[in-house]
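Have a look at the structure below, then the notes.
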Amino acid sequence: MKKNLVDVIIPYYKKRKFINKTISSILNQSFKNIKIILIYDDKNLNDYYFLKKRYKNKIKIILNKKNLGVGLSRNKGINFSNSEYIAFCDADDTWKRDKLAKQIKYMKSKNLDFLHTSYYLIDEKNKKIGCMNVKDDLSYNDLIRSCDIGLSTVVIKKKILKKNLFKDLKTKEDYCLWLQLLRKGVKIKGLDEPLVNWRKNDSSLSSNIYQKLTDAFKLYNKYENFNVVLSLFFTIRLSVNFVFKKFNQKQNIRL
């Protein structure tokens, strides 16, 4: 049986309001050799039955027996994947129609293992409120200061993820993995073209400031093996850089 070239992994938890737009933006990609793997991570099964009925035979839905969180749910999706490339998308983000086509073509032409792109920030009403621009090369020293990779923009060779998976963090789980990959010598490349709409949702877990600070400290202290003082320093610096980045994003809207 022919493998899909790209598997798209989506963790799902209480995103009924946005999930149809997300899935439609992936199913409508100009690049067709894909499969969507949705990991259902909610004890309430109402949305599960809705999704099963609406997207029957169109996407693969895996039901978690208990709530795992986004990182471990993505790991489960990775284990189910049999593709050459894996792409990630959050359940409230959307893709431009030619996102995958442009990324796969660029990755093949440059022989890349990891590519992320610029992205727009949108609000709950789909209005553009900012733009995050990325640069071509991203070093460990760049990333340790500020997480400038939008998860829903990432396409990565599956072979890279065989021994590198997401950590069990409520937030920053993707940031932790990108740092790990850079430490192991994986080259992370960026394409400065906004191909994704990243939704700024104030009710989401990623908007919880306390949780972000706690997970950032844990990331630096436990996974990057920094001492307590250095971990506190990097956590504070990450927060300050986030404020500056947020201001710059608002200035960089490209309509």
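Lettering and numbering for the structure tokens are positional, with chains as A, B, ... in the shown order, residues counted from 1 in each chain, and ligands counted from 1 in the shown order.
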
(message) So that I can see what lies close to stretch 27-29 of chain A, please list as a ChimeraX atom specification the residues with an atom at most 9 Å from it, counting only C-alpha atoms and leaving out residues fewer than 3 positions away in the same chain.
(response) /A:22-24,32,34-36,58,95-101

Write the residues you've just listed into a file as a PDB file, in the first residue's frame, and include C-alpha atoms for each of them.
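Saved to out.pdb:
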ATOM      1  CA  THR A  22      -8.987  23.903  10.628  1.00  0.00           C
ATOM      2  CA  ILE A  23      -9.796  20.581   8.988  1.00  0.00           C
ATOM      3  CA  SER A  24     -11.210  22.239   5.862  1.00  0.00           C
ATOM      4  CA  LYS A  32      -3.073  16.110  -1.930  1.00  0.00           C
ATOM      5  CA  ILE A  34      -1.714  13.710   2.914  1.00  0.00           C
ATOM      6  CA  LYS A  35      -3.567  12.080   5.792  1.00  0.00           C
ATOM      7  CA  ILE A  36      -4.999  13.826   8.845  1.00  0.00           C
ATOM      8  CA  LYS A  58     -11.764  11.581   5.426  1.00  0.00           C
ATOM      9  CA  TRP A  95      -3.454  26.918   6.684  1.00  0.00           C
ATOM     10  CA  LYS A  96      -3.120  28.786   3.430  1.00  0.00           C
ATOM     11  CA  ARG A  97      -4.145  26.563   0.518  1.00  0.00           C
ATOM     12  CA  ASP A  98      -0.607  26.172  -0.850  1.00  0.00           C
ATOM     13  CA  LYS A  99       1.174  25.766   2.512  1.00  0.00           C
ATOM     14  CA  LEU A 100       2.228  22.150   2.142  1.00  0.00           C
ATOM     15  CA  ALA A 101       2.963  22.411  -1.567  1.00  0.00           C
TER      16      ALA A 101
END

Select from stretch 133-183 of chain A everything DSSP, run on the backbone, classes as helix (DSSP H, G or I), then give the selection as a short mmCIF file (atom, residue, chain, number, x, y, z; two decimals) with all heavy atoms, in the first residue's frame.
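Once everything was written out, this is selection.cif:
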data_model
loop_
_atom_site.label_atom_id
_atom_site.label_comp_id
_atom_site.auth_asym_id
_atom_site.auth_seq_id
_atom_site.Cartn_x
_atom_site.Cartn_y
_atom_site.Cartn_z
N TYR A 140 20.77 27.43 18.13
CA TYR A 140 20.38 27.16 19.51
C TYR A 140 20.40 28.44 20.34
O TYR A 140 19.50 28.70 21.14
CB TYR A 140 21.32 26.11 20.12
CG TYR A 140 21.03 25.81 21.57
CD1 TYR A 140 20.06 24.87 21.93
CD2 TYR A 140 21.71 26.47 22.60
CE1 TYR A 140 19.78 24.59 23.26
CE2 TYR A 140 21.43 26.20 23.93
CZ TYR A 140 20.48 25.27 24.26
OH TYR A 140 20.19 25.00 25.57
N ASN A 141 21.43 29.27 20.15
CA ASN A 141 21.54 30.52 20.91
C ASN A 141 20.41 31.49 20.57
O ASN A 141 20.00 32.28 21.42
CB ASN A 141 22.89 31.18 20.64
CG ASN A 141 24.03 30.45 21.32
OD1 ASN A 141 23.83 29.80 22.35
ND2 ASN A 141 25.23 30.54 20.76
N ASP A 142 19.92 31.43 19.34
CA ASP A 142 18.77 32.25 18.97
C ASP A 142 17.51 31.77 19.69
O ASP A 142 16.77 32.55 20.29
CB ASP A 142 18.51 32.18 17.45
CG ASP A 142 19.58 32.84 16.63
OD1 ASP A 142 20.16 33.84 17.10
OD2 ASP A 142 19.85 32.36 15.51
N LEU A 143 17.29 30.47 19.63
CA LEU A 143 16.04 29.92 20.13
C LEU A 143 15.97 29.91 21.66
O LEU A 143 14.88 30.04 22.23
CB LEU A 143 15.85 28.49 19.61
CG LEU A 143 14.44 27.90 19.76
CD1 LEU A 143 13.43 28.70 18.94
CD2 LEU A 143 14.40 26.44 19.35
N LEU A 151 4.20 26.30 15.92
CA LEU A 151 4.03 24.86 15.79
C LEU A 151 3.25 24.47 14.53
O LEU A 151 3.61 23.53 13.82
CB LEU A 151 3.31 24.29 17.01
CG LEU A 151 2.99 22.80 16.88
CD1 LEU A 151 4.16 21.97 17.36
CD2 LEU A 151 1.73 22.42 17.60
N SER A 152 2.17 25.19 14.23
CA SER A 152 1.32 24.84 13.10
C SER A 152 1.97 25.13 11.75
O SER A 152 1.39 24.82 10.70
CB SER A 152 -0.03 25.56 13.19
OG SER A 152 -0.76 25.11 14.31
N THR A 153 3.17 25.72 11.76
CA THR A 153 3.89 25.96 10.51
C THR A 153 4.90 24.87 10.21
O THR A 153 5.46 24.80 9.11
CB THR A 153 4.66 27.31 10.55
OG1 THR A 153 5.84 27.19 11.36
CG2 THR A 153 3.78 28.43 11.09
N LYS A 158 9.95 12.49 9.34
CA LYS A 158 9.58 11.61 10.44
C LYS A 158 10.80 10.94 11.07
O LYS A 158 10.83 10.67 12.27
CB LYS A 158 8.58 10.55 9.97
CG LYS A 158 8.08 9.72 11.16
CD LYS A 158 7.28 8.52 10.77
CE LYS A 158 6.96 7.69 12.02
NZ LYS A 158 6.22 6.47 11.72
N LYS A 159 11.82 10.67 10.26
CA LYS A 159 13.01 10.00 10.79
C LYS A 159 13.64 10.79 11.94
O LYS A 159 14.25 10.20 12.83
CB LYS A 159 14.03 9.80 9.68
CG LYS A 159 14.63 11.09 9.12
CD LYS A 159 15.65 10.82 8.03
CE LYS A 159 16.29 12.12 7.54
NZ LYS A 159 17.31 11.88 6.49
N ILE A 160 13.45 12.11 11.93
CA ILE A 160 14.01 12.96 12.99
C ILE A 160 13.27 12.72 14.30
O ILE A 160 13.83 12.87 15.39
CB ILE A 160 13.91 14.45 12.60
CG1 ILE A 160 14.65 14.71 11.29
CG2 ILE A 160 14.45 15.35 13.71
CD1 ILE A 160 16.13 14.40 11.34
N LEU A 161 12.00 12.34 14.21
CA LEU A 161 11.17 12.21 15.40
C LEU A 161 11.19 10.80 16.01
O LEU A 161 10.55 10.56 17.03
CB LEU A 161 9.72 12.59 15.07
CG LEU A 161 9.51 14.06 14.67
CD1 LEU A 161 8.12 14.26 14.12
CD2 LEU A 161 9.76 14.98 15.86
N GLU A 173 5.89 22.56 25.29
CA GLU A 173 6.33 21.22 24.90
C GLU A 173 6.98 21.22 23.52
O GLU A 173 7.94 20.49 23.27
CB GLU A 173 5.15 20.23 24.96
CG GLU A 173 4.15 20.30 23.84
CD GLU A 173 3.32 21.58 23.81
OE1 GLU A 173 3.14 22.21 24.88
OE2 GLU A 173 2.84 21.95 22.71
N ASP A 174 6.49 22.08 22.62
CA ASP A 174 7.09 22.17 21.29
C ASP A 174 8.45 22.89 21.36
O ASP A 174 9.43 22.45 20.74
CB ASP A 174 6.15 22.86 20.32
CG ASP A 174 5.62 24.19 20.83
OD1 ASP A 174 5.62 24.43 22.06
OD2 ASP A 174 5.18 25.02 20.00
N TYR A 175 8.50 23.96 22.13
CA TYR A 175 9.75 24.71 22.32
C TYR A 175 10.83 23.79 22.87
O TYR A 175 11.99 23.82 22.41
CB TYR A 175 9.46 25.87 23.28
CG TYR A 175 10.61 26.80 23.57
CD1 TYR A 175 11.58 27.08 22.62
CD2 TYR A 175 10.69 27.44 24.81
CE1 TYR A 175 12.62 27.97 22.91
CE2 TYR A 175 11.71 28.33 25.10
CZ TYR A 175 12.68 28.58 24.15
OH TYR A 175 13.70 29.45 24.44
N CYS A 176 10.47 22.95 23.82
CA CYS A 176 11.42 22.02 24.42
C CYS A 176 11.98 21.06 23.37
O CYS A 176 13.18 20.78 23.33
CB CYS A 176 10.72 21.24 25.53
SG CYS A 176 11.82 20.23 26.55
N LEU A 177 11.11 20.57 22.48
CA LEU A 177 11.56 19.65 21.44
C LEU A 177 12.46 20.34 20.43
O LEU A 177 13.50 19.79 20.02
CB LEU A 177 10.35 19.05 20.72
CG LEU A 177 10.66 18.11 19.55
CD1 LEU A 177 11.56 16.95 19.97
CD2 LEU A 177 9.37 17.59 18.92
N TRP A 178 12.13 21.56 20.03
CA TRP A 178 12.97 22.27 19.05
C TRP A 178 14.37 22.49 19.61
O TRP A 178 15.36 22.33 18.88
CB TRP A 178 12.35 23.60 18.65
CG TRP A 178 10.90 23.63 18.28
CD1 TRP A 178 10.04 24.68 18.45
CD2 TRP A 178 10.10 22.60 17.65
NE1 TRP A 178 8.78 24.38 17.99
CE2 TRP A 178 8.78 23.10 17.49
CE3 TRP A 178 10.37 21.30 17.22
CZ2 TRP A 178 7.76 22.36 16.92
CZ3 TRP A 178 9.33 20.56 16.66
CH2 TRP A 178 8.06 21.07 16.51
N LEU A 179 14.47 22.85 20.89
CA LEU A 179 15.78 23.04 21.51
C LEU A 179 16.57 21.72 21.52
O LEU A 179 17.77 21.70 21.26
CB LEU A 179 15.62 23.57 22.94
CG LEU A 179 15.18 25.03 23.07
CD1 LEU A 179 14.80 25.34 24.52
CD2 LEU A 179 16.28 25.98 22.61
N GLN A 180 15.88 20.65 21.82
CA GLN A 180 16.52 19.34 21.84
C GLN A 180 17.07 18.98 20.46
O GLN A 180 18.20 18.48 20.34
CB GLN A 180 15.51 18.28 22.28
CG GLN A 180 16.03 16.84 22.26
CD GLN A 180 14.96 15.84 22.69
OE1 GLN A 180 14.22 16.09 23.64
NE2 GLN A 180 14.87 14.73 21.99
N LEU A 181 16.30 19.26 19.43
CA LEU A 181 16.75 18.95 18.07
C LEU A 181 17.98 19.77 17.69
O LEU A 181 18.92 19.25 17.09
CB LEU A 181 15.61 19.21 17.08
CG LEU A 181 14.39 18.29 17.18
CD1 LEU A 181 13.33 18.70 16.17
CD2 LEU A 181 14.78 16.83 16.98
N LEU A 182 17.97 21.05 18.04
CA LEU A 182 19.12 21.90 17.74
C LEU A 182 20.37 21.42 18.48
O LEU A 182 21.47 21.42 17.92
CB LEU A 182 18.82 23.36 18.10
CG LEU A 182 17.92 24.11 17.12
CD1 LEU A 182 17.48 25.44 17.71
CD2 LEU A 182 18.63 24.33 15.79
N ARG A 183 20.21 20.99 19.72
CA ARG A 183 21.36 20.47 20.48
C ARG A 183 21.93 19.22 19.83
O ARG A 183 23.12 18.94 19.94
CB ARG A 183 20.94 20.15 21.92
CG ARG A 183 20.92 21.35 22.85
CD ARG A 183 20.80 20.96 24.30
NE ARG A 183 19.44 20.66 24.70
CZ ARG A 183 18.95 19.44 24.88
NH1 ARG A 183 19.71 18.38 24.67
NH2 ARG A 183 17.70 19.27 25.27
#

(request) Give the strand (DSSP E) residues of stretch 15-229 of chain A, as DSSP finds them on the backbone, and put them as a ChimeraX atom specification. (result) /A:34-40,60-63,85-88,94-95,114-122,128-132,137-138,155-157,188-199

(request) Would you list the contacts of A:Ile188 as a PyMOL selection string, taking every protein, DNA or RNA residue within 10 Å and counting only C-alpha atoms, but skipping same-chain residues closer than 4 positions in sequence? (result) chain A and resi 112-116+136-140+149+154+156+178+181-182

Could the residues of stretch 11-52 of chain A that have an atom at most 12 Å from stretch 72-93 of chain A be listed as CSV, each with its closest atom pair and the distance in Å to one decimal, counting only C-alpha atoms and ordered by chain and ascending residue number?
residue,atom,partner,partner_atom,distance
A:Pro11,CA,A:Ser73,CA,6.0
A:Tyr12,CA,A:Ala91,CA,5.9
A:Tyr13,CA,A:Ala91,CA,7.9
A:Lys14,CA,A:Ala91,CA,8.9
A:Lys15,CA,A:Ala91,CA,6.3
A:Arg16,CA,A:Ala91,CA,8.8
A:Lys17,CA,A:Asp92,CA,8.1
A:Phe18,CA,A:Asp92,CA,5.0
A:Ile19,CA,A:Ala91,CA,5.4
A:Asn20,CA,A:Asp92,CA,8.8
A:Lys21,CA,A:Asp92,CA,7.7
A:Thr22,CA,A:Asp93,CA,5.7
A:Ile23,CA,A:Ala91,CA,8.0
A:Ser24,CA,A:Asp93,CA,10.8
A:Ser25,CA,A:Asp93,CA,9.0
A:Ile26,CA,A:Cys89,CA,9.1
A:Asn33,CA,A:Ser83,CA,9.9
A:Ile34,CA,A:Ser83,CA,8.6
A:Lys35,CA,A:Ser83,CA,8.9
A:Ile36,CA,A:Ala87,CA,9.4
A:Ile37,CA,A:Gly77,CA,6.3
A:Leu38,CA,A:Gly77,CA,7.5
A:Ile39,CA,A:Ser73,CA,6.1
A:Tyr40,CA,A:Ser73,CA,8.2
A:Asp41,CA,A:Ser73,CA,7.2
A:Asp42,CA,A:Ser73,CA,11.0

(message) I'd like the neighbourhood of A:Lys170 as a PyMOL selection string, where a residue qualifies if any of its atoms comes within 8 Å (using only C-alpha atoms), though same-chain residues fewer than 3 positions away should be ignored.
(response) chain A and resi 69-71+173+205+211+215

Which polymer residues have any atom within 9 Å of an atom of A:Leu238, counting only C-alpha atoms, with same-chain residues fewer than 6 positions away left out, as a JSON list (two decimals) with N, CA, C and O atoms, in the first residue's frame?
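This went into around-v8.json:
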[["chain", "number", "residue", "atom", "x", "y", "z"],
["A", 144, "ILE", "N", 17.09, 29.76, 22.32],
["A", 144, "ILE", "CA", 17.07, 29.69, 23.78],
["A", 144, "ILE", "C", 16.61, 31.02, 24.38],
["A", 144, "ILE", "O", 16.11, 31.07, 25.50],
["A", 145, "ARG", "N", 16.72, 32.10, 23.61],
["A", 145, "ARG", "CA", 16.29, 33.41, 24.08],
["A", 145, "ARG", "C", 14.81, 33.68, 23.81],
["A", 145, "ARG", "O", 14.16, 34.40, 24.55],
["A", 146, "SER", "N", 14.30, 33.10, 22.74],
["A", 146, "SER", "CA", 12.92, 33.40, 22.34],
["A", 146, "SER", "C", 12.41, 32.29, 21.43],
["A", 146, "SER", "O", 13.09, 31.92, 20.47],
["A", 147, "CYS", "N", 11.23, 31.78, 21.72],
["A", 147, "CYS", "CA", 10.66, 30.72, 20.88],
["A", 147, "CYS", "C", 9.95, 31.35, 19.69],
["A", 147, "CYS", "O", 8.84, 31.86, 19.82],
["A", 216, "ALA", "N", 8.21, 27.11, 31.51],
["A", 216, "ALA", "CA", 9.48, 27.64, 31.02],
["A", 216, "ALA", "C", 10.61, 27.33, 32.00],
["A", 216, "ALA", "O", 11.70, 26.90, 31.60]]
